[in-house]
file target-v2.cif (mmCIF, all heavy atoms)
data_final
#
loop_
_atom_site.label_atom_id
_atom_site.label_comp_id
_atom_site.auth_asym_id
_atom_site.auth_seq_id
_atom_site.Cartn_x
_atom_site.Cartn_y
_atom_site.Cartn_z
N MET A 1 8.67 -0.94 23.38
CA MET A 1 8.96 -2.09 22.54
C MET A 1 10.32 -1.88 21.91
O MET A 1 10.60 -0.83 21.36
CB MET A 1 7.88 -2.21 21.48
CG MET A 1 8.02 -3.45 20.66
SD MET A 1 6.67 -3.72 19.51
CE MET A 1 5.27 -3.60 20.56
N SER A 2 11.14 -2.87 21.96
CA SER A 2 12.49 -2.78 21.43
C SER A 2 12.52 -3.08 19.95
O SER A 2 12.38 -4.21 19.53
CB SER A 2 13.38 -3.78 22.18
OG SER A 2 14.63 -3.88 21.56
N GLY A 3 12.68 -2.06 19.15
CA GLY A 3 12.86 -2.19 17.72
C GLY A 3 11.87 -3.06 16.98
O GLY A 3 12.23 -3.83 16.19
N ALA A 4 10.64 -2.98 17.14
CA ALA A 4 9.63 -3.75 16.41
C ALA A 4 9.70 -5.24 16.74
O ALA A 4 9.49 -6.07 15.90
CB ALA A 4 9.73 -3.52 14.90
N ALA A 5 10.03 -5.56 17.96
CA ALA A 5 10.04 -6.96 18.37
C ALA A 5 8.61 -7.48 18.40
O ALA A 5 7.69 -6.76 18.75
CB ALA A 5 10.68 -7.12 19.74
N VAL A 6 8.43 -8.70 18.00
CA VAL A 6 7.12 -9.33 17.99
C VAL A 6 7.05 -10.30 19.16
O VAL A 6 8.08 -10.82 19.58
CB VAL A 6 6.91 -10.07 16.64
CG1 VAL A 6 5.55 -10.73 16.59
CG2 VAL A 6 7.07 -9.11 15.49
N ASN A 7 5.89 -10.58 19.68
CA ASN A 7 5.74 -11.46 20.83
C ASN A 7 6.16 -12.90 20.58
O ASN A 7 5.92 -13.76 21.40
CB ASN A 7 4.29 -11.44 21.32
CG ASN A 7 3.94 -10.14 21.97
OD1 ASN A 7 4.81 -9.42 22.45
ND2 ASN A 7 2.66 -9.81 21.99
N THR A 8 6.76 -13.17 19.44
CA THR A 8 7.18 -14.53 19.13
C THR A 8 8.59 -14.80 19.59
O THR A 8 9.08 -15.90 19.44
CB THR A 8 7.10 -14.76 17.61
OG1 THR A 8 7.90 -13.78 16.99
CG2 THR A 8 5.68 -14.69 17.13
N GLY A 9 9.29 -13.80 20.12
CA GLY A 9 10.62 -14.01 20.64
C GLY A 9 11.73 -13.64 19.69
O GLY A 9 12.89 -13.88 20.00
N PHE A 10 11.44 -13.08 18.54
CA PHE A 10 12.51 -12.60 17.68
C PHE A 10 12.18 -11.22 17.14
O PHE A 10 11.05 -10.78 17.17
CB PHE A 10 12.85 -13.57 16.54
CG PHE A 10 11.75 -13.77 15.54
CD1 PHE A 10 11.61 -12.91 14.46
CD2 PHE A 10 10.88 -14.82 15.64
CE1 PHE A 10 10.60 -13.09 13.52
CE2 PHE A 10 9.87 -15.00 14.72
CZ PHE A 10 9.73 -14.14 13.66
N ASP A 11 13.19 -10.55 16.66
CA ASP A 11 13.08 -9.18 16.18
C ASP A 11 12.83 -9.21 14.67
O ASP A 11 13.58 -9.85 13.93
CB ASP A 11 14.40 -8.47 16.51
CG ASP A 11 14.41 -7.00 16.19
OD1 ASP A 11 13.68 -6.57 15.28
OD2 ASP A 11 15.16 -6.28 16.85
N VAL A 12 11.82 -8.51 14.19
CA VAL A 12 11.52 -8.51 12.76
C VAL A 12 12.66 -7.91 11.95
O VAL A 12 12.75 -8.14 10.75
CB VAL A 12 10.20 -7.79 12.42
CG1 VAL A 12 9.02 -8.50 13.04
CG2 VAL A 12 10.23 -6.34 12.81
N ASN A 13 13.56 -7.18 12.60
CA ASN A 13 14.70 -6.61 11.89
C ASN A 13 15.84 -7.60 11.71
O ASN A 13 16.75 -7.35 10.93
CB ASN A 13 15.20 -5.36 12.63
CG ASN A 13 14.24 -4.22 12.49
OD1 ASN A 13 13.92 -3.80 11.39
ND2 ASN A 13 13.75 -3.72 13.60
N CYS A 14 15.80 -8.69 12.43
CA CYS A 14 16.84 -9.71 12.34
C CYS A 14 16.35 -11.01 11.71
O CYS A 14 17.15 -11.82 11.27
CB CYS A 14 17.39 -10.02 13.73
SG CYS A 14 18.18 -8.63 14.52
N ALA A 15 15.05 -11.20 11.68
CA ALA A 15 14.48 -12.44 11.18
C ALA A 15 14.67 -12.59 9.68
O ALA A 15 14.63 -11.61 8.94
CB ALA A 15 13.00 -12.50 11.52
N MET A 16 14.88 -13.82 9.26
CA MET A 16 15.00 -14.12 7.84
C MET A 16 13.60 -14.24 7.23
O MET A 16 12.61 -14.38 7.95
CB MET A 16 15.79 -15.41 7.65
CG MET A 16 17.21 -15.27 8.16
SD MET A 16 18.34 -16.67 7.88
CE MET A 16 17.33 -18.09 7.91
N ALA A 17 13.54 -14.19 5.92
CA ALA A 17 12.26 -14.23 5.21
C ALA A 17 11.43 -15.45 5.59
O ALA A 17 10.22 -15.35 5.81
CB ALA A 17 12.49 -14.19 3.70
N ALA A 18 12.06 -16.61 5.68
CA ALA A 18 11.32 -17.83 6.01
C ALA A 18 10.73 -17.76 7.41
O ALA A 18 9.61 -18.23 7.65
CB ALA A 18 12.23 -19.05 5.89
N GLU A 19 11.46 -17.17 8.35
CA GLU A 19 10.95 -17.03 9.72
C GLU A 19 9.75 -16.09 9.76
O GLU A 19 8.76 -16.37 10.42
CB GLU A 19 12.05 -16.49 10.64
CG GLU A 19 13.21 -17.44 10.83
CD GLU A 19 14.36 -16.81 11.56
OE1 GLU A 19 14.77 -15.68 11.22
OE2 GLU A 19 14.85 -17.47 12.49
N LEU A 20 9.86 -14.96 9.05
CA LEU A 20 8.75 -14.02 9.01
C LEU A 20 7.53 -14.63 8.33
O LEU A 20 6.41 -14.49 8.80
CB LEU A 20 9.16 -12.75 8.27
CG LEU A 20 10.21 -11.90 8.97
CD1 LEU A 20 10.78 -10.86 8.02
CD2 LEU A 20 9.63 -11.25 10.20
N GLY A 21 7.75 -15.32 7.22
CA GLY A 21 6.67 -15.94 6.48
C GLY A 21 5.99 -17.07 7.23
O GLY A 21 4.87 -17.45 6.90
N ALA A 22 6.64 -17.60 8.26
CA ALA A 22 6.06 -18.69 9.04
C ALA A 22 5.08 -18.18 10.09
O ALA A 22 4.30 -18.96 10.64
CB ALA A 22 7.17 -19.50 9.72
N LEU A 23 5.09 -16.88 10.36
CA LEU A 23 4.14 -16.32 11.32
C LEU A 23 2.79 -16.15 10.64
O LEU A 23 2.71 -15.53 9.58
CB LEU A 23 4.63 -14.95 11.81
CG LEU A 23 5.89 -14.95 12.64
CD1 LEU A 23 6.36 -13.53 12.87
CD2 LEU A 23 5.63 -15.65 13.96
N PRO A 24 1.72 -16.68 11.22
CA PRO A 24 0.41 -16.60 10.56
C PRO A 24 0.01 -15.20 10.08
O PRO A 24 -0.44 -15.06 8.94
CB PRO A 24 -0.56 -17.13 11.62
CG PRO A 24 0.28 -18.10 12.40
CD PRO A 24 1.65 -17.46 12.46
N PRO A 25 0.21 -14.13 10.86
CA PRO A 25 -0.20 -12.81 10.35
C PRO A 25 0.65 -12.31 9.17
O PRO A 25 0.21 -11.43 8.43
CB PRO A 25 -0.03 -11.87 11.54
CG PRO A 25 0.24 -12.72 12.72
CD PRO A 25 0.67 -14.06 12.23
N LEU A 26 1.83 -12.88 9.01
CA LEU A 26 2.74 -12.42 7.96
C LEU A 26 2.94 -13.48 6.88
O LEU A 26 3.77 -13.31 5.98
CB LEU A 26 4.11 -12.07 8.56
CG LEU A 26 4.10 -11.05 9.69
CD1 LEU A 26 5.50 -10.86 10.25
CD2 LEU A 26 3.52 -9.73 9.23
N ALA A 27 2.19 -14.55 6.95
CA ALA A 27 2.36 -15.70 6.06
C ALA A 27 2.46 -15.29 4.60
O ALA A 27 1.63 -14.54 4.09
CB ALA A 27 1.22 -16.68 6.25
N GLY A 28 3.52 -15.76 3.97
CA GLY A 28 3.71 -15.51 2.55
C GLY A 28 4.32 -14.15 2.21
O GLY A 28 4.52 -13.85 1.05
N HIS A 29 4.65 -13.35 3.22
CA HIS A 29 5.16 -12.01 2.94
C HIS A 29 6.56 -11.78 3.49
O HIS A 29 7.03 -10.64 3.53
CB HIS A 29 4.20 -10.96 3.51
CG HIS A 29 2.83 -11.07 2.94
ND1 HIS A 29 2.57 -10.89 1.60
CD2 HIS A 29 1.65 -11.38 3.52
CE1 HIS A 29 1.27 -11.07 1.39
NE2 HIS A 29 0.70 -11.38 2.54
N GLY A 30 7.24 -12.83 3.88
CA GLY A 30 8.58 -12.69 4.45
C GLY A 30 9.56 -12.01 3.51
O GLY A 30 10.31 -11.12 3.91
N PHE A 31 9.55 -12.39 2.23
CA PHE A 31 10.50 -11.81 1.29
C PHE A 31 10.23 -10.32 1.07
O PHE A 31 11.15 -9.51 0.97
CB PHE A 31 10.49 -12.56 -0.05
CG PHE A 31 11.12 -13.91 0.06
CD1 PHE A 31 10.33 -15.05 0.09
CD2 PHE A 31 12.50 -14.06 0.14
CE1 PHE A 31 10.90 -16.30 0.22
CE2 PHE A 31 13.08 -15.31 0.26
CZ PHE A 31 12.28 -16.44 0.30
N GLU A 32 8.96 -9.94 1.04
CA GLU A 32 8.62 -8.52 0.87
C GLU A 32 9.07 -7.70 2.07
O GLU A 32 9.55 -6.58 1.93
CB GLU A 32 7.12 -8.34 0.63
CG GLU A 32 6.67 -8.80 -0.73
CD GLU A 32 5.65 -9.92 -0.65
OE1 GLU A 32 5.49 -10.52 0.43
OE2 GLU A 32 5.02 -10.20 -1.68
N ILE A 33 8.92 -8.27 3.27
CA ILE A 33 9.34 -7.56 4.48
C ILE A 33 10.86 -7.38 4.50
O ILE A 33 11.36 -6.29 4.79
CB ILE A 33 8.84 -8.30 5.74
CG1 ILE A 33 7.32 -8.26 5.79
CG2 ILE A 33 9.45 -7.69 7.00
CD1 ILE A 33 6.70 -9.20 6.80
N VAL A 34 11.59 -8.42 4.14
CA VAL A 34 13.05 -8.33 4.11
C VAL A 34 13.49 -7.31 3.05
O VAL A 34 14.40 -6.50 3.30
CB VAL A 34 13.68 -9.71 3.86
CG1 VAL A 34 15.18 -9.60 3.59
CG2 VAL A 34 13.42 -10.62 5.06
N ARG A 35 12.87 -7.31 1.89
CA ARG A 35 13.20 -6.34 0.85
C ARG A 35 12.90 -4.92 1.33
O ARG A 35 13.70 -4.00 1.13
CB ARG A 35 12.43 -6.65 -0.43
CG ARG A 35 12.77 -5.67 -1.55
CD ARG A 35 12.10 -6.02 -2.86
NE ARG A 35 10.71 -6.33 -2.66
CZ ARG A 35 10.06 -7.31 -3.29
NH1 ARG A 35 10.69 -8.05 -4.19
NH2 ARG A 35 8.79 -7.53 -3.06
N PHE A 36 11.76 -4.73 1.97
CA PHE A 36 11.37 -3.42 2.52
C PHE A 36 12.42 -2.94 3.52
O PHE A 36 12.84 -1.78 3.48
CB PHE A 36 10.00 -3.56 3.18
CG PHE A 36 9.43 -2.27 3.71
CD1 PHE A 36 8.77 -1.40 2.87
CD2 PHE A 36 9.53 -1.96 5.06
CE1 PHE A 36 8.22 -0.22 3.36
CE2 PHE A 36 8.99 -0.79 5.56
CZ PHE A 36 8.33 0.09 4.71
N ARG A 37 12.85 -3.82 4.41
CA ARG A 37 13.89 -3.47 5.38
C ARG A 37 15.16 -3.04 4.68
O ARG A 37 15.82 -2.09 5.09
CB ARG A 37 14.24 -4.68 6.26
CG ARG A 37 13.37 -4.93 7.40
CD ARG A 37 13.92 -6.00 8.34
NE ARG A 37 14.83 -6.97 7.78
CZ ARG A 37 14.84 -8.26 8.08
NH1 ARG A 37 13.97 -8.74 8.94
NH2 ARG A 37 15.70 -9.07 7.53
N GLY A 38 15.54 -3.76 3.64
CA GLY A 38 16.75 -3.45 2.90
C GLY A 38 16.68 -2.09 2.22
O GLY A 38 17.69 -1.38 2.12
N GLU A 39 15.51 -1.73 1.74
CA GLU A 39 15.34 -0.45 1.04
C GLU A 39 15.16 0.72 1.99
O GLU A 39 15.61 1.82 1.70
CB GLU A 39 14.11 -0.52 0.12
CG GLU A 39 14.29 -1.48 -1.02
CD GLU A 39 13.01 -1.73 -1.81
OE1 GLU A 39 11.92 -1.23 -1.39
OE2 GLU A 39 13.08 -2.44 -2.82
N ARG A 40 14.51 0.50 3.12
CA ARG A 40 14.15 1.62 4.01
C ARG A 40 14.83 1.60 5.37
O ARG A 40 14.67 2.52 6.14
CB ARG A 40 12.64 1.64 4.22
CG ARG A 40 11.91 1.77 2.91
CD ARG A 40 10.69 2.57 3.09
NE ARG A 40 9.96 2.65 1.83
CZ ARG A 40 8.70 2.93 1.75
NH1 ARG A 40 8.00 3.17 2.84
NH2 ARG A 40 8.11 3.00 0.59
N GLY A 41 15.52 0.53 5.68
CA GLY A 41 16.17 0.45 6.99
C GLY A 41 15.30 -0.27 8.02
O GLY A 41 14.25 -0.81 7.71
N ARG A 42 15.80 -0.24 9.23
CA ARG A 42 15.14 -0.95 10.33
C ARG A 42 13.71 -0.47 10.55
O ARG A 42 13.42 0.71 10.41
CB ARG A 42 15.92 -0.73 11.62
CG ARG A 42 17.28 -1.37 11.63
CD ARG A 42 18.01 -1.13 12.94
NE ARG A 42 17.29 -1.65 14.10
CZ ARG A 42 17.28 -2.92 14.49
NH1 ARG A 42 17.96 -3.81 13.80
NH2 ARG A 42 16.61 -3.30 15.55
N LEU A 43 12.87 -1.42 10.93
CA LEU A 43 11.51 -1.09 11.35
C LEU A 43 11.59 -0.66 12.81
O LEU A 43 12.23 -1.32 13.62
CB LEU A 43 10.60 -2.30 11.21
CG LEU A 43 10.44 -2.86 9.79
CD1 LEU A 43 9.71 -4.17 9.82
CD2 LEU A 43 9.72 -1.88 8.92
N THR A 44 10.99 0.46 13.12
CA THR A 44 11.03 0.94 14.49
C THR A 44 9.67 0.81 15.18
O THR A 44 9.59 0.93 16.39
CB THR A 44 11.48 2.41 14.54
OG1 THR A 44 10.62 3.20 13.73
CG2 THR A 44 12.92 2.54 14.04
N GLU A 45 8.62 0.59 14.40
CA GLU A 45 7.27 0.41 14.95
C GLU A 45 6.55 -0.66 14.14
O GLU A 45 6.70 -0.73 12.93
CB GLU A 45 6.48 1.71 14.88
CG GLU A 45 7.09 2.83 15.69
CD GLU A 45 6.26 4.10 15.62
OE1 GLU A 45 5.03 4.00 15.48
OE2 GLU A 45 6.86 5.17 15.72
N LEU A 46 5.77 -1.48 14.81
CA LEU A 46 5.04 -2.54 14.11
C LEU A 46 4.11 -2.00 13.04
O LEU A 46 3.89 -2.66 12.02
CB LEU A 46 4.26 -3.40 15.10
CG LEU A 46 5.11 -4.35 15.93
CD1 LEU A 46 4.25 -5.07 16.96
CD2 LEU A 46 5.82 -5.36 15.04
N ARG A 47 3.58 -0.81 13.22
CA ARG A 47 2.66 -0.25 12.22
C ARG A 47 3.34 -0.08 10.86
O ARG A 47 2.67 0.00 9.84
CB ARG A 47 2.06 1.06 12.70
CG ARG A 47 3.07 2.18 12.82
CD ARG A 47 2.39 3.50 13.17
NE ARG A 47 3.35 4.56 13.28
CZ ARG A 47 3.92 5.17 12.24
NH1 ARG A 47 3.60 4.83 11.01
NH2 ARG A 47 4.82 6.12 12.42
N GLN A 48 4.67 -0.05 10.83
CA GLN A 48 5.38 0.06 9.56
C GLN A 48 5.16 -1.16 8.67
O GLN A 48 5.32 -1.08 7.45
CB GLN A 48 6.88 0.27 9.80
CG GLN A 48 7.20 1.65 10.34
CD GLN A 48 8.65 1.78 10.66
OE1 GLN A 48 9.13 1.23 11.66
NE2 GLN A 48 9.38 2.48 9.82
N LEU A 49 4.77 -2.27 9.25
CA LEU A 49 4.48 -3.45 8.44
C LEU A 49 3.31 -3.19 7.49
O LEU A 49 3.22 -3.80 6.44
CB LEU A 49 4.19 -4.66 9.33
CG LEU A 49 5.40 -5.22 10.08
CD1 LEU A 49 4.95 -6.28 11.07
CD2 LEU A 49 6.43 -5.76 9.12
N ASP A 50 2.44 -2.26 7.85
CA ASP A 50 1.33 -1.90 6.97
C ASP A 50 1.81 -1.20 5.70
O ASP A 50 1.08 -1.15 4.72
CB ASP A 50 0.34 -0.97 7.69
CG ASP A 50 -0.41 -1.68 8.80
OD1 ASP A 50 -0.57 -2.91 8.71
OD2 ASP A 50 -0.84 -0.99 9.74
N GLU A 51 3.03 -0.67 5.72
CA GLU A 51 3.58 0.03 4.57
C GLU A 51 4.29 -0.90 3.58
O GLU A 51 4.66 -0.48 2.49
CB GLU A 51 4.58 1.09 5.04
CG GLU A 51 3.98 2.14 5.95
CD GLU A 51 5.03 3.06 6.55
OE1 GLU A 51 6.15 3.15 6.01
OE2 GLU A 51 4.73 3.68 7.58
N VAL A 52 4.48 -2.15 3.97
CA VAL A 52 5.18 -3.10 3.11
C VAL A 52 4.30 -3.46 1.93
O VAL A 52 3.18 -3.92 2.10
CB VAL A 52 5.55 -4.39 3.90
CG1 VAL A 52 6.18 -5.42 2.98
CG2 VAL A 52 6.46 -4.06 5.07
N PRO A 53 4.80 -3.20 0.70
CA PRO A 53 4.01 -3.59 -0.46
C PRO A 53 3.99 -5.11 -0.60
O PRO A 53 5.02 -5.75 -0.49
CB PRO A 53 4.75 -2.95 -1.64
CG PRO A 53 6.12 -2.65 -1.14
CD PRO A 53 6.05 -2.56 0.36
N VAL A 54 2.83 -5.67 -0.79
CA VAL A 54 2.70 -7.12 -0.90
C VAL A 54 2.16 -7.50 -2.26
O VAL A 54 1.36 -6.79 -2.85
CB VAL A 54 1.80 -7.71 0.21
CG1 VAL A 54 2.44 -7.53 1.57
CG2 VAL A 54 0.43 -7.10 0.21
N SER A 55 2.64 -8.62 -2.74
CA SER A 55 2.16 -9.15 -4.02
C SER A 55 0.84 -9.85 -3.78
O SER A 55 0.69 -10.61 -2.82
CB SER A 55 3.16 -10.16 -4.57
OG SER A 55 4.41 -9.56 -4.73
N ARG A 56 -0.09 -9.60 -4.62
CA ARG A 56 -1.39 -10.26 -4.51
C ARG A 56 -1.56 -11.16 -5.74
O ARG A 56 -1.41 -10.72 -6.86
CB ARG A 56 -2.53 -9.24 -4.50
CG ARG A 56 -2.40 -8.22 -3.41
CD ARG A 56 -3.37 -8.54 -2.30
NE ARG A 56 -3.37 -7.46 -1.33
CZ ARG A 56 -3.06 -7.65 -0.06
NH1 ARG A 56 -2.76 -8.82 0.38
NH2 ARG A 56 -3.08 -6.64 0.78
N ALA A 57 -1.87 -12.40 -5.50
CA ALA A 57 -2.12 -13.32 -6.61
C ALA A 57 -3.47 -12.96 -7.25
O ALA A 57 -4.44 -12.71 -6.56
CB ALA A 57 -2.14 -14.76 -6.11
N SER A 58 -3.50 -12.90 -8.57
CA SER A 58 -4.78 -12.57 -9.22
C SER A 58 -5.37 -13.75 -9.92
O SER A 58 -4.80 -14.70 -10.20
CB SER A 58 -4.61 -11.43 -10.19
OG SER A 58 -3.40 -11.41 -10.85
#
call {"tool": "encode", "arguments": {"input": "target-v2.cif", "output": "structure tokens"}}
result
Amino acid sequence: MSGAAVNTGFDVNCAMAAELGALPPLAGHGFEIVRFRGERGRLTELRQLDEVPVSRAS
């Protein structure tokens, strides 16, 4: 797999927050993923998405 590419045709390392948030499995978490990338660098494996801290509405 090339750099955490998703079967949707774009690379999670290049996608903008709105694009990521539009994917059903990532819905509402685009900004957190982009922030995580900025702090830790490129995602090299999809399992790294499990490490992204997400805000939970209470």
call {"tool": "residues_around", "arguments": {"input": "target-v2.cif", "residues": "Ile33 in chain A", "least_positions_apart": "5", "cutoff": "6 Å", "atoms": "all atoms listed in the file", "output": "number ranges by chain"}}
result
A: 12, 20, 26, 38, 43, 49, 52-53
call {"tool": "atom_distance", "arguments": {"input": "target-v2.cif", "atom1": "CA of Phe36 in chain A", "atom2": "CA of Glu51 in chain A"}}
result
8.8 Å
call {"tool": "atom_distance", "arguments": {"input": "target-v2.cif", "atom1": "CA of Gln48 in chain A", "atom2": "CA of Ala18 in chain A"}}
result
19.2 Å
call {"tool": "atom_distance", "arguments": {"input": "target-v2.cif", "atom1": "CA of Val54 in chain A", "atom2": "CA of Ala22 in chain A"}}
result
15.6 Å
call {"tool": "closest_residue", "arguments": {"input": "target-v2.cif", "among": "A:Asp11, A:Ser55, A:Arg42, A:Met16", "to": "Gly30 in chain A", "atoms": "all heavy atoms"}}
result
A:Met16
call {"tool": "axis_aligned_box", "arguments": {"input": "target-v2.cif", "around": "range 22-29 of chain A", "padding_each_side": "4 Å", "output": "JSON"}}
result
{"center_x": 3.3, "center_y": -14.6, "center_z": 7.5, "size_x": 15.7, "size_y": 17.8, "size_z": 20.9}
call {"tool": "residues_around", "arguments": {"input": "target-v2.cif", "residues": "Ala15 in chain A", "least_positions_apart": "5", "cutoff": "6 Å", "atoms": "all heavy atoms", "output": "number ranges by chain"}}
result
A: 10, 20, 34, 37
